[in-house]
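Okay, protein_0.cif is below, mmCIF, C-alpha atoms and all ligand atoms:
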data_data
loop_
_atom_site.label_atom_id
_atom_site.label_comp_id
_atom_site.auth_asym_id
_atom_site.auth_seq_id
_atom_site.Cartn_x
_atom_site.Cartn_y
_atom_site.Cartn_z
CA MET X 1238 85.51 66.45 70.45
CA PRO X 1239 89.13 65.94 69.23
CA GLN X 1240 91.28 64.08 71.78
CA PRO X 1241 94.55 65.71 72.93
CA HIS X 1242 97.84 64.29 71.69
CA THR X 1243 99.15 62.52 74.77
CA ALA X 1244 102.47 61.08 75.90
CA PRO X 1245 102.43 57.38 76.77
CA HIS X 1246 102.36 56.23 80.43
CA LEU X 1247 100.46 59.23 81.83
CA PRO X 1248 99.37 58.49 85.44
CA ASP X 1249 95.68 58.88 86.26
CA ARG X 1250 96.30 61.03 89.37
CA ALA X 1251 98.07 64.39 89.83
CA ARG X 1252 99.75 65.52 93.04
CA HIS X 1253 99.64 69.06 94.44
CA ILE X 1254 101.20 70.88 97.41
CA VAL X 1255 98.35 73.00 98.79
CA LEU X 1256 98.40 75.78 101.38
CA ARG X 1257 96.69 74.40 104.50
CA ARG X 1258 97.50 77.22 106.94
CA ARG X 1259 99.00 80.69 106.44
CA PRO X 1260 102.49 80.85 107.99
CA VAL X 1261 103.24 83.12 110.91
CA GLY X 1262 106.94 83.93 110.70
CA VAL X 1263 109.11 81.21 109.13
CA PRO X 1264 106.85 78.65 107.37
CA THR X 1265 106.42 75.26 109.09
CA PRO X 1266 105.56 71.83 107.62
CA ASP X 1267 101.92 72.00 108.80
CA CYS X 1268 101.34 75.00 106.48
CA PHE X 1269 101.41 72.58 103.53
CA GLU X 1270 99.70 69.36 102.52
CA LEU X 1271 100.25 66.92 99.65
CA VAL X 1272 96.90 66.10 97.99
CA GLU X 1273 95.94 64.04 94.95
CA THR X 1274 93.29 64.73 92.32
CA PRO X 1275 92.25 62.96 89.15
CA MET X 1276 94.62 63.92 86.33
CA PRO X 1277 93.42 67.25 84.88
CA GLN X 1278 92.64 67.26 81.15
CA PRO X 1279 93.60 70.10 78.79
CA GLY X 1280 90.65 71.92 77.22
CA GLU X 1281 90.61 73.22 73.66
CA GLY X 1282 93.80 75.30 73.08
CA GLN X 1283 95.42 74.14 76.35
CA MET X 1284 98.21 71.77 77.34
CA LEU X 1285 99.00 69.51 80.27
CA VAL X 1286 102.51 70.02 81.67
CA ARG X 1287 104.53 67.59 83.80
CA MET X 1288 106.86 69.35 86.25
CA ARG X 1289 110.51 68.38 85.73
CA VAL X 1290 112.25 71.05 87.85
CA GLY X 1291 110.45 73.02 90.56
CA SER X 1292 111.78 76.43 91.53
CA VAL X 1293 111.84 77.36 95.23
CA ASP X 1294 111.78 81.14 95.58
CA PRO X 1295 111.64 83.62 98.47
CA ALA X 1296 108.85 85.52 96.65
CA ILE X 1297 106.52 82.57 97.34
CA ARG X 1298 106.58 83.56 101.03
CA GLY X 1299 104.80 86.80 100.07
CA PHE X 1300 102.08 84.94 98.15
CA LEU X 1301 101.29 82.89 101.29
CA ASP X 1302 100.23 86.01 103.22
CA ASP X 1303 96.72 87.34 102.68
CA ARG X 1304 97.87 90.74 101.43
CA PRO X 1305 98.10 92.47 98.04
CA SER X 1306 101.37 92.04 96.13
CA TYR X 1307 102.35 91.91 92.46
CA LEU X 1308 100.56 88.52 92.32
CA PRO X 1309 97.38 87.52 94.18
CA PRO X 1310 97.70 85.59 97.46
CA VAL X 1311 97.41 81.79 97.37
CA ALA X 1312 93.92 80.79 98.63
CA LEU X 1313 93.73 78.35 101.55
CA GLY X 1314 93.38 74.84 100.11
CA ALA X 1315 94.77 75.89 96.70
CA PRO X 1316 98.09 74.71 95.22
CA VAL X 1317 101.01 77.01 95.98
CA THR X 1318 102.02 79.37 93.17
CA GLY X 1319 105.50 78.70 91.83
CA MET X 1320 107.68 78.69 88.75
CA SER X 1321 108.72 75.43 87.20
CA LEU X 1322 110.30 73.91 84.16
CA GLY X 1323 108.13 71.21 82.64
CA GLU X 1324 107.35 69.10 79.65
CA VAL X 1325 104.11 69.17 77.67
CA VAL X 1326 102.63 65.66 78.04
CA ALA X 1327 99.19 66.26 76.46
CA SER X 1328 98.30 69.05 74.10
CA ARG X 1329 95.33 70.55 72.32
CA HIS X 1330 97.41 73.44 70.93
CA ALA X 1331 99.32 72.94 67.68
CA ASP X 1332 102.09 75.39 68.66
CA TRP X 1333 102.86 73.57 71.92
CA PRO X 1334 103.16 69.88 70.96
CA VAL X 1335 103.86 66.98 73.30
CA GLY X 1336 107.54 66.97 74.27
CA THR X 1337 107.93 70.78 74.27
CA LEU X 1338 109.94 72.00 77.27
CA VAL X 1339 108.50 75.10 78.92
CA ARG X 1340 109.19 77.46 81.79
CA VAL X 1341 106.09 79.00 83.37
CA LEU X 1342 104.60 80.44 86.53
CA GLY X 1343 102.37 77.50 87.43
CA THR X 1344 101.55 75.80 90.69
CA TRP X 1345 103.29 73.28 92.91
CA SER X 1346 101.58 70.42 91.05
CA ASP X 1347 103.38 67.52 89.41
CA HIS X 1348 100.96 67.95 86.46
CA TYR X 1349 99.08 71.16 85.66
CA VAL X 1350 97.05 72.58 82.78
CA ILE X 1351 98.00 75.90 81.17
CA GLY X 1352 96.99 77.93 78.16
CA PRO X 1353 99.29 79.81 75.78
CA ASP X 1354 98.67 83.01 77.79
CA ALA X 1355 100.02 81.52 81.07
CA LEU X 1356 102.16 83.96 83.04
CA GLY X 1357 105.84 83.84 82.09
CA LEU X 1358 105.36 80.99 79.57
CA GLU X 1359 108.57 80.47 77.57
CA ARG X 1360 109.94 77.65 75.47
CA VAL X 1361 113.19 76.14 76.78
CA ASP X 1362 115.74 74.87 74.31
CA PRO X 1363 118.54 73.23 76.33
CA GLN X 1364 122.04 73.09 74.92
CA PRO X 1365 123.61 69.63 74.64
CA GLY X 1366 125.40 68.62 77.83
CA VAL X 1367 123.76 71.29 80.02
CA PRO X 1368 121.44 69.85 82.70
CA LEU X 1369 117.82 70.94 82.43
CA ARG X 1370 117.87 72.37 85.95
CA ALA X 1371 120.39 75.05 84.88
CA TYR X 1372 117.56 76.64 82.87
CA MET X 1373 115.62 77.15 86.09
CA GLY X 1374 118.71 78.64 87.74
CA ALA X 1375 121.76 80.53 86.52
CA LEU X 1376 120.84 80.07 82.83
CA GLY X 1377 117.20 80.88 83.57
CA PRO X 1378 115.27 83.26 85.83
CA VAL X 1379 118.10 83.53 88.38
CA GLY X 1380 120.69 84.59 85.82
CA LEU X 1381 118.25 86.90 84.06
CA THR X 1382 117.43 88.61 87.37
CA ALA X 1383 121.13 89.03 88.17
CA TRP X 1384 121.90 90.51 84.74
CA ILE X 1385 118.82 92.79 84.58
CA GLY X 1386 119.51 94.13 88.08
CA LEU X 1387 123.24 94.59 87.58
CA VAL X 1388 123.32 95.90 84.01
CA ALA X 1389 119.89 97.26 82.98
CA VAL X 1390 118.91 98.74 86.38
CA GLY X 1391 122.23 99.11 88.20
CA GLN X 1392 124.12 100.38 85.13
CA ALA X 1393 127.28 98.64 86.35
CA LYS X 1394 130.38 99.18 84.22
CA PRO X 1395 133.97 97.92 84.26
CA GLY X 1396 135.95 99.36 87.15
CA ASP X 1397 132.89 99.94 89.35
CA THR X 1398 132.88 98.67 92.90
CA VAL X 1399 129.81 96.46 93.23
CA LEU X 1400 128.41 95.32 96.57
CA VAL X 1401 125.85 92.48 96.69
CA SER X 1402 123.85 91.12 99.63
CA ALA X 1403 122.89 87.43 100.09
CA ALA X 1404 125.99 86.89 97.94
CA ALA X 1405 126.04 83.13 98.61
CA GLY X 1406 122.40 82.82 97.54
CA ALA X 1407 120.90 82.10 94.15
CA THR X 1408 120.82 85.61 92.70
CA GLY X 1409 123.74 86.92 94.73
CA SER X 1410 126.21 84.21 93.69
CA THR X 1411 125.31 84.89 90.06
CA VAL X 1412 125.75 88.65 90.50
CA VAL X 1413 129.20 88.03 91.99
CA GLN X 1414 130.26 86.08 88.90
CA LEU X 1415 128.66 88.44 86.36
CA ALA X 1416 130.17 91.53 87.98
CA ARG X 1417 133.59 89.92 88.09
CA ALA X 1418 133.35 88.90 84.43
CA MET X 1419 132.47 92.54 83.61
CA GLY X 1420 135.66 93.76 85.26
CA CYS X 1421 134.08 95.19 88.40
CA ARG X 1422 135.58 95.03 91.87
CA VAL X 1423 133.16 92.77 93.80
CA VAL X 1424 132.29 92.80 97.50
CA GLY X 1425 129.82 90.23 98.84
CA LEU X 1426 127.80 90.23 102.07
CA ALA X 1427 126.93 86.80 103.45
CA GLY X 1428 125.69 85.31 106.72
CA GLY X 1429 128.46 83.38 108.46
CA PRO X 1430 132.11 82.46 107.83
CA ASP X 1431 131.34 79.43 105.63
CA LYS X 1432 129.13 81.46 103.29
CA ALA X 1433 131.72 84.25 103.20
CA ALA X 1434 134.43 81.74 102.22
CA LEU X 1435 132.14 80.42 99.47
CA VAL X 1436 131.57 83.94 98.15
CA ARG X 1437 135.33 84.44 97.89
CA ARG X 1438 135.62 81.15 96.00
CA MET X 1439 132.89 82.38 93.61
CA GLY X 1440 135.22 85.24 92.70
CA ALA X 1441 134.45 88.15 95.04
CA ASP X 1442 137.45 90.35 95.88
CA VAL X 1443 136.15 90.75 99.43
CA ALA X 1444 133.48 88.83 101.36
CA ILE X 1445 132.03 90.22 104.57
CA ASP X 1446 130.23 88.10 107.17
CA HIS X 1447 127.37 90.43 108.11
CA ARG X 1448 126.46 88.50 111.25
CA CYS X 1449 128.40 90.87 113.52
CA ASP X 1450 127.74 94.02 115.52
CA PRO X 1451 126.96 97.22 113.58
CA ALA X 1452 130.33 98.89 114.31
CA THR X 1453 132.27 95.85 113.02
CA LEU X 1454 130.09 95.73 109.92
CA ALA X 1455 130.58 99.45 109.26
CA ALA X 1456 134.35 99.09 109.62
CA ALA X 1457 134.40 96.10 107.24
CA LEU X 1458 132.38 98.00 104.61
CA ASP X 1459 134.65 101.03 104.92
CA ALA X 1460 137.76 98.86 104.57
CA ALA X 1461 136.33 97.03 101.54
CA ALA X 1462 135.57 100.24 99.66
CA PRO X 1463 137.19 103.36 101.15
CA GLN X 1464 135.77 105.46 98.28
CA GLY X 1465 132.29 103.92 98.60
CA PHE X 1466 130.22 101.62 96.41
CA ASP X 1467 129.08 102.47 92.87
CA VAL X 1468 126.39 99.78 92.83
CA TYR X 1469 124.61 97.99 95.69
CA PHE X 1470 122.66 94.99 94.35
CA ASP X 1471 120.27 94.53 97.26
CA ASN X 1472 118.50 91.22 97.83
CA VAL X 1473 117.63 91.65 101.50
CA GLY X 1474 116.70 95.22 102.57
CA GLY X 1475 116.50 95.57 106.37
CA PRO X 1476 119.40 96.75 108.54
CA LEU X 1477 122.00 96.01 105.82
CA LEU X 1478 120.43 98.59 103.50
CA ASP X 1479 120.67 101.15 106.30
CA ALA X 1480 124.32 100.28 106.87
CA VAL X 1481 125.18 100.58 103.16
CA LEU X 1482 123.33 103.80 102.24
CA PRO X 1483 125.89 106.18 103.82
CA ARG X 1484 128.67 104.20 102.13
CA MET X 1485 127.48 104.70 98.56
CA ARG X 1486 129.54 106.81 96.20
CA GLU X 1487 128.05 109.99 94.71
CA GLY X 1488 125.78 109.05 91.80
CA GLY X 1489 125.60 105.42 92.99
CA ARG X 1490 122.84 103.03 91.94
CA ILE X 1491 120.88 100.59 94.11
CA PRO X 1492 118.94 98.01 92.10
CA LEU X 1493 116.45 96.75 94.68
CA CYS X 1494 115.89 93.12 93.77
CA GLY X 1495 114.12 92.00 96.92
CA MET X 1496 113.78 92.45 100.68
CA ILE X 1497 113.93 88.90 101.99
CA ALA X 1498 114.88 90.15 105.47
CA GLN X 1499 111.24 91.16 105.99
CA TYR X 1500 109.28 88.44 104.13
CA ASN X 1501 108.73 86.28 107.22
CA HIS X 1502 107.53 89.31 109.20
CA ALA X 1503 105.82 91.51 106.64
CA ASP X 1504 103.63 93.12 109.34
CA HIS X 1505 106.69 94.49 111.12
CA PRO X 1506 109.31 95.47 108.52
CA HIS X 1507 112.58 97.07 109.59
CA GLY X 1508 112.40 100.80 108.99
CA VAL X 1509 115.03 102.35 106.69
CA THR X 1510 116.39 105.43 108.46
CA GLN X 1511 119.12 106.55 106.05
CA LEU X 1512 117.05 107.53 102.98
CA TRP X 1513 118.37 111.11 103.22
CA GLN X 1514 121.57 109.68 101.69
CA LEU X 1515 119.67 109.47 98.37
CA VAL X 1516 119.81 113.28 98.33
CA VAL X 1517 123.27 113.70 99.84
CA LYS X 1518 124.87 111.32 97.31
CA ARG X 1519 122.34 111.79 94.45
CA LEU X 1520 121.67 108.05 94.50
CA THR X 1521 119.18 106.10 92.42
CA LEU X 1522 117.31 103.36 94.28
CA ARG X 1523 115.08 101.46 91.90
CA GLY X 1524 112.95 98.36 92.48
CA PHE X 1525 112.57 96.03 89.54
CA LEU X 1526 110.88 92.86 88.35
CA THR X 1527 112.96 90.90 85.86
CA TYR X 1528 110.18 90.19 83.37
CA ASP X 1529 109.29 93.91 83.08
CA HIS X 1530 112.52 94.20 81.07
CA ALA X 1531 111.39 91.98 78.20
CA ASP X 1532 113.39 94.05 75.68
CA ARG X 1533 116.69 93.13 77.40
CA LEU X 1534 116.11 89.43 78.10
CA ALA X 1535 117.60 88.11 74.84
CA GLU X 1536 120.80 90.09 75.47
CA ALA X 1537 120.86 88.85 79.05
CA GLN X 1538 120.36 85.22 77.99
CA ALA X 1539 123.11 85.45 75.36
CA THR X 1540 125.55 86.80 77.98
CA LEU X 1541 124.66 84.06 80.46
CA ASP X 1542 125.09 81.33 77.83
CA ARG X 1543 128.45 82.78 76.72
CA LEU X 1544 129.82 83.09 80.27
CA HIS X 1545 128.62 79.60 81.14
CA HIS X 1546 130.25 78.20 78.03
CA SER X 1547 133.56 79.91 78.85
CA GLY X 1548 133.48 78.68 82.46
CA GLN X 1549 133.09 82.18 83.95
CA LEU X 1550 129.58 81.42 85.21
CA VAL X 1551 129.25 78.28 87.31
CA PRO X 1552 125.72 77.65 88.63
CA LEU X 1553 125.61 77.33 92.41
CA GLU X 1554 122.76 74.97 93.31
CA ASN X 1555 121.01 73.56 96.35
CA LEU X 1556 119.42 70.50 94.82
CA HIS X 1557 116.54 68.39 96.22
CA HIS X 1558 114.85 65.37 94.68
CA GLY X 1559 111.20 64.36 94.47
CA PHE X 1560 108.03 66.43 94.15
CA GLU X 1561 107.17 65.98 97.84
CA ALA X 1562 110.47 67.72 98.81
CA LEU X 1563 109.15 71.17 97.79
CA PRO X 1564 107.83 72.33 101.22
CA ALA X 1565 110.94 71.27 103.18
CA ALA X 1566 113.20 72.89 100.58
CA PHE X 1567 111.19 76.11 100.84
CA ILE X 1568 111.28 76.10 104.66
CA ALA X 1569 115.08 75.71 104.66
CA LEU X 1570 115.34 78.61 102.19
CA MET X 1571 113.20 80.85 104.40
CA GLN X 1572 115.29 79.89 107.45
CA GLY X 1573 118.30 81.40 105.68
CA HIS X 1574 120.23 78.10 105.70
CA THR X 1575 120.83 77.61 101.99
CA THR X 1576 123.51 78.52 99.49
CA GLY X 1577 122.85 78.76 95.77
CA LYS X 1578 119.60 78.24 93.91
CA THR X 1579 117.12 75.92 95.61
CA LEU X 1580 115.68 73.52 93.03
CA VAL X 1581 113.65 70.33 93.19
CA GLU X 1582 114.17 67.74 90.45
CA VAL X 1583 110.97 65.77 89.98
N1 LIG M 1601 112.92 91.39 91.39
C1 LIG M 1601 112.85 90.20 90.82
O1 LIG M 1601 112.43 90.03 89.68
C2 LIG M 1601 113.35 89.03 91.62
C3 LIG M 1601 113.53 87.78 91.03
C4 LIG M 1601 114.07 86.74 91.82
C5 LIG M 1601 114.38 86.97 93.16
N2 LIG M 1601 114.14 88.20 93.69
C6 LIG M 1601 114.50 88.51 95.09
O2 LIG M 1601 115.91 88.37 95.21
C7 LIG M 1601 116.23 88.05 96.56
C8 LIG M 1601 117.13 86.82 96.55
O3 LIG M 1601 116.38 85.71 96.06
P1 LIG M 1601 117.10 84.33 95.75
O4 LIG M 1601 116.12 83.47 95.08
O5 LIG M 1601 118.40 84.61 95.14
O6 LIG M 1601 117.30 83.73 97.21
P2 LIG M 1601 118.61 83.51 98.09
O7 LIG M 1601 119.53 84.65 98.01
O8 LIG M 1601 119.14 82.19 97.80
O9 LIG M 1601 117.87 83.65 99.49
C9 LIG M 1601 118.27 83.16 100.68
C10 LIG M 1601 119.29 84.05 101.40
O10 LIG M 1601 118.76 85.33 101.78
C11 LIG M 1601 119.43 85.77 102.95
N3 LIG M 1601 118.49 86.28 103.99
C12 LIG M 1601 118.56 87.48 104.58
N4 LIG M 1601 117.59 87.64 105.45
C13 LIG M 1601 116.89 86.52 105.47
C14 LIG M 1601 115.76 86.10 106.20
N5 LIG M 1601 115.15 86.87 107.12
N6 LIG M 1601 115.27 84.87 105.95
C15 LIG M 1601 115.85 84.07 105.02
N7 LIG M 1601 116.93 84.44 104.29
C16 LIG M 1601 117.46 85.65 104.52
C17 LIG M 1601 120.24 84.59 103.46
O11 LIG M 1601 121.57 84.81 103.08
P3 LIG M 1601 122.69 85.30 104.13
O12 LIG M 1601 122.71 84.25 105.21
O13 LIG M 1601 123.92 85.34 103.33
O14 LIG M 1601 122.26 86.64 104.61
C18 LIG M 1601 119.67 83.43 102.70
O15 LIG M 1601 120.57 82.35 102.54
C19 LIG M 1601 114.92 87.84 97.30
O16 LIG M 1601 114.63 89.02 98.00
C20 LIG M 1601 113.92 87.62 96.16
O17 LIG M 1601 112.61 87.97 96.51
C21 LIG M 1601 113.66 89.21 92.95
#
Rewrite the structure from the file as structure tokens, please.
Amino acid sequence: MPQPHTAPHLPDRARHIVLRRRPVGVPTPDCFELVETPMPQPGEGQMLVRMRVGSVDPAIRGFLDDRPSYLPPVALGAPVTGMSLGEVVASRHADWPVGTLVRVLGTWSDHYVIGPDALGLERVDPQPGVPLRAYMGALGPVGLTAWIGLVAVGQAKPGDTVLVSAAAGATGSTVVQLARAMGCRVVGLAGGPDKAALVRRMGADVAIDHRCDPATLAAALDAAAPQGFDVYFDNVGGPLLDAVLPRMREGGRIPLCGMIAQYNHADHPHGVTQLWQLVVKRLTLRGFLTYDHADRLAEAQATLDRLHHSGQLVPLENLHHGFEALPAAFIALMQGHTTGKTLVEV
């Protein structure tokens, strides 16, 4: 049997973060456990990848529940599903040699084996001087999601008034900057005065702290856009969606990126009571998954690279270090404490 081409200094053990207990509400440390196994070996046509940058995403919370979603649930005792940027360190596939940098939906494992058909597998070709982690954030899936939602789904155009929720978060902070660069008027919703101030610094014309009573929130939305919003890039769902629906402009678009407000309590989601506004205002509310828009990704990537190069897109990051930091970073994200993209450099 031919031996794989292998990088020097490969450890003989791999580490994994496995799901020990399904979370109830916000995840807690005892839901996860760090385990070691012998280093897995790539079979014919496969490669072994070493994680360099782990991505910490709200969607992972959904995979920890035992319920159908767009990906299967994580089994108890199995490594947590997650995206990462890694380096091929052993290969039995000529097209994916040792040293290739890849982005892929893998597992929370510091080394994992994949085949060429692995979900979301892409080559990463970093530009000189740009840190690798940017390709897991604003120049990677985060930026692509922001662009696909804003442009391909939301049909935003110069002069539109764009509202975005979780505007200090990973996707939201990128939407703020993209919309501004497009010549839109940008209004951000964020939880707390510090996050609101950050959203203004990211370039929003108006930032609203949504942690207030409903009447105050309604008045702030009305003041920010007396004519209503053309686009609502929604990351959270829940009561904010209800508050925004009556404040959309006729013909407005709502790209529904996610509903993080209900991920910790998926059995008891907040009901949306204002859907009649879709008829009144002839609105389009459309859910999307970034990688369903494969035909637009090259255009999206080119825009992100150009805006980053010109200084109009500055990645906002919440950076952690060390493989074992993944669970704590995820818990903080799901507590709503973070700003920017949560990443773990391994
Ligand atoms: N459709 C796709 O292809 C796709 C791809 C990537 C992400 N997404 C979705 O996009 C949304 C944003 O993801 P992201 O990675 O950019 O994360 P993020 O915005 O950085 O997420 C954290 C923020 O969400 C807000 N939030 C509201 N309710 C929350 C709750 N109950 N628990 C925790 N946080 C809450 C908080 O901001 P405030 O304090 O400001 O409210 C929090 O800081 C998520 O819904 C995610 O599932 C979708």
Please enclose the listed atoms of ligand LIG 1601 (chain M) in an axis-aligned box, pad each side by 5 Å, and write out the centre and the three edge lengths in Å, rounded to one decimal, as JSON.
{"center_x": 118.2, "center_y": 86.8, "center_z": 98.4, "size_x": 21.5, "size_y": 19.2, "size_z": 27.4}
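Protein and nucleic acid residues near (96.7, 72.6, 85.4) are Pro1277, Leu1285, His1348, Tyr1349, Val1350 and Ile1351 of chain X, the criterion being any atom at most 7 Å away using all atoms listed in the file.
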*Check which residues fall inside 6 Å of ligand LIG 1601 (chain M) when counting all atoms listed in the file, and print them as a PyMOL selection string.*
chain X and resi 1294-1296+1382+1403-1409+1427-1428+1472-1473+1494-1499+1525-1527+1570-1578
Keeping only C-alpha atoms, write those residues as a compact mmCIF listing (two decimals), keeping the file's coordinate frame.
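Written out: again-v3.txt:
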# COMPACT_ATOMS: atom_id res chain seq x y z
CA ASP X 1294 111.78 81.14 95.58
CA PRO X 1295 111.64 83.62 98.47
CA ALA X 1296 108.85 85.52 96.65
CA THR X 1382 117.43 88.61 87.37
CA ALA X 1403 122.89 87.43 100.09
CA ALA X 1404 125.99 86.89 97.94
CA ALA X 1405 126.04 83.13 98.61
CA GLY X 1406 122.40 82.82 97.54
CA ALA X 1407 120.90 82.10 94.15
CA THR X 1408 120.82 85.61 92.70
CA GLY X 1409 123.74 86.92 94.73
CA ALA X 1427 126.93 86.80 103.45
CA GLY X 1428 125.69 85.31 106.72
CA ASN X 1472 118.50 91.22 97.83
CA VAL X 1473 117.63 91.65 101.50
CA CYS X 1494 115.89 93.12 93.77
CA GLY X 1495 114.12 92.00 96.92
CA MET X 1496 113.78 92.45 100.68
CA ILE X 1497 113.93 88.90 101.99
CA ALA X 1498 114.88 90.15 105.47
CA GLN X 1499 111.24 91.16 105.99
CA PHE X 1525 112.57 96.03 89.54
CA LEU X 1526 110.88 92.86 88.35
CA THR X 1527 112.96 90.90 85.86
CA LEU X 1570 115.34 78.61 102.19
CA MET X 1571 113.20 80.85 104.40
CA GLN X 1572 115.29 79.89 107.45
CA GLY X 1573 118.30 81.40 105.68
CA HIS X 1574 120.23 78.10 105.70
CA THR X 1575 120.83 77.61 101.99
CA THR X 1576 123.51 78.52 99.49
CA GLY X 1577 122.85 78.76 95.77
CA LYS X 1578 119.60 78.24 93.91
I'd like the neighbourhood of His1558 in chain X as a short mmCIF file (atom, residue, chain, number, x, y, z; two decimals) with C-alpha atoms, in the coordinates of the input, where a residue qualifies if any of its atoms comes within 8 Å (using all atoms listed in the file), though same-chain residues fewer than 5 positions away should be ignored.
data_model
loop_
_atom_site.label_atom_id
_atom_site.label_comp_id
_atom_site.auth_asym_id
_atom_site.auth_seq_id
_atom_site.Cartn_x
_atom_site.Cartn_y
_atom_site.Cartn_z
CA VAL X 1581 113.65 70.33 93.19
CA GLU X 1582 114.17 67.74 90.45
CA VAL X 1583 110.97 65.77 89.98
#
*Can you work out which one of X:Ala1375, X:Val1468, X:Val1325, X:Leu1512 has the shortest atom-to-atom distance to Thr1579 in chain X, counting all atoms listed in the file?*
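Looking at the shortest contact to Thr1579 in chain X, the residue is X:Ala1375.
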_Under the rule that only C-alpha atoms are counted, which of X:Ala1355, X:Leu1493, X:Gly1508, X:Ala1457 is the nearest residue to Gly1386 in chain X?_
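Using only C-alpha atoms, Gly1386 in chain X sits closest to X:Leu1493.
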*If you measure from CA of Trp1513 in chain X to CA of Thr1398 in chain X, what distance in Å do you get, rounded to one decimal?*
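Separation of CA of Trp1513 in chain X and CA of Thr1398 in chain X: 21.7 Å.
When the distance limit is 9 Å and all atoms listed in the file are what count, the residues near Cys1421 in chain X, minus those fewer than 4 positions from it on the same chain, are Ala1393, Lys1394, Pro1395, Gly1396, Asp1397, Thr1398, Val1399, Leu1415, Ala1416 and Arg1417 of chain X.
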*Between CA of Leu1356 in chain X and CA of Pro1316 in chain X, distance in Å (one decimal)*: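 Atom-to-atom, CA of Leu1356 in chain X to CA of Pro1316 in chain X, that is 15.8 Å.
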Go through range 1311-1419 of chain X residue by residue and, counting only C-alpha atoms, keep those with an atom at most 10 Å from range 1530-1547 of chain X; for each kept residue give the shortest atom pair and its distance in Å to one decimal, ordered by chain and increasing number, as JSON lines.
{"residue": "X:Gln1364", "atom": "CA", "partner": "X:Asp1542", "partner_atom": "CA", "distance": 9.3}
{"residue": "X:Val1367", "atom": "CA", "partner": "X:His1546", "partner_atom": "CA", "distance": 9.7}
{"residue": "X:Ala1375", "atom": "CA", "partner": "X:Leu1541", "partner_atom": "CA", "distance": 7.6}
{"residue": "X:Leu1376", "atom": "CA", "partner": "X:Leu1541", "partner_atom": "CA", "distance": 6.0}
{"residue": "X:Gly1377", "atom": "CA", "partner": "X:Gln1538", "partner_atom": "CA", "distance": 7.7}
{"residue": "X:Pro1378", "atom": "CA", "partner": "X:Gln1538", "partner_atom": "CA", "distance": 9.6}
{"residue": "X:Gly1380", "atom": "CA", "partner": "X:Leu1541", "partner_atom": "CA", "distance": 6.7}
{"residue": "X:Leu1381", "atom": "CA", "partner": "X:Ala1537", "partner_atom": "CA", "distance": 6.0}
{"residue": "X:Thr1382", "atom": "CA", "partner": "X:Ala1537", "partner_atom": "CA", "distance": 9.0}
{"residue": "X:Ala1383", "atom": "CA", "partner": "X:Ala1537", "partner_atom": "CA", "distance": 9.1}
{"residue": "X:Trp1384", "atom": "CA", "partner": "X:Ala1537", "partner_atom": "CA", "distance": 6.0}
{"residue": "X:Ile1385", "atom": "CA", "partner": "X:Ala1537", "partner_atom": "CA", "distance": 7.1}
{"residue": "X:Gly1386", "atom": "CA", "partner": "X:His1530", "partner_atom": "CA", "distance": 9.9}
{"residue": "X:Val1388", "atom": "CA", "partner": "X:Ala1537", "partner_atom": "CA", "distance": 9.0}
{"residue": "X:Ala1389", "atom": "CA", "partner": "X:Arg1533", "partner_atom": "CA", "distance": 7.6}
{"residue": "X:Val1390", "atom": "CA", "partner": "X:His1530", "partner_atom": "CA", "distance": 9.5}
{"residue": "X:Thr1411", "atom": "CA", "partner": "X:Leu1541", "partner_atom": "CA", "distance": 9.7}
{"residue": "X:Gln1414", "atom": "CA", "partner": "X:Leu1544", "partner_atom": "CA", "distance": 9.1}
{"residue": "X:Leu1415", "atom": "CA", "partner": "X:Leu1544", "partner_atom": "CA", "distance": 8.2}
{"residue": "X:Ala1418", "atom": "CA", "partner": "X:Leu1544", "partner_atom": "CA", "distance": 8.0}
*Figure out the distance between CA of Glu1324 in chain X and CA of Met1288 in chain X, please, to one decimal in Å.*
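Interatomic distance, CA of Met1288 in chain X to CA of Glu1324 in chain X: 6.6 Å.
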*Within 8 Å of range 1265-1275 of chain X, counting only C-alpha atoms, which residues show up once you throw out same-chain ones fewer than 3 positions away? Write them as a list in words, please.*
Asp1249, Arg1250, Ala1251, Arg1252, His1253, Ile1254, Val1255, Leu1256, Arg1257, Arg1258, Arg1259, Pro1260, Glu1561, Pro1564, Ala1565 and Ile1568 of chain X
*Could you give me, as an NGL selection string, the residues that sit within 12 Å of (101.9, 88.3, 101.7) in the file's coordinates, counting only C-alpha atoms?*
:X and (1259-1262 or 1295-1312 or 1499-1504)
*Of the candidates X:Leu1458, X:Met1439, X:Val1481, X:Val1361, which one gets nearest to Leu1520 in chain X if we count all atoms listed in the file?*
X:Val1481
_If we count all atoms listed in the file and set the cut-off at 9 Å, which residues sit around Gln1464 in chain X, ignoring sequence neighbours fewer than 3 positions away in its own chain? Please answer as a ChimeraX atom specification._
/X:1459,1484-1486
*Excluding Val1286 in chain X and any residue of its chain fewer than 6 positions from it, enumerate the residues within 12 Å of it, using only C-alpha atoms, and give them as a count of residues only.*
40
*Counting only C-alpha atoms, the residue of X:Gly1475, X:Gly1559, X:Gly1314, X:Pro1245 that sits nearest Gly1291 in chain X*: X:Gly1559
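Using all atoms listed in the file for every distance, the candidate list X:Leu1435, X:Val1293, X:Val1424, X:Leu1477 yields X:Leu1477 as the residue closest to Cys1449 in chain X.
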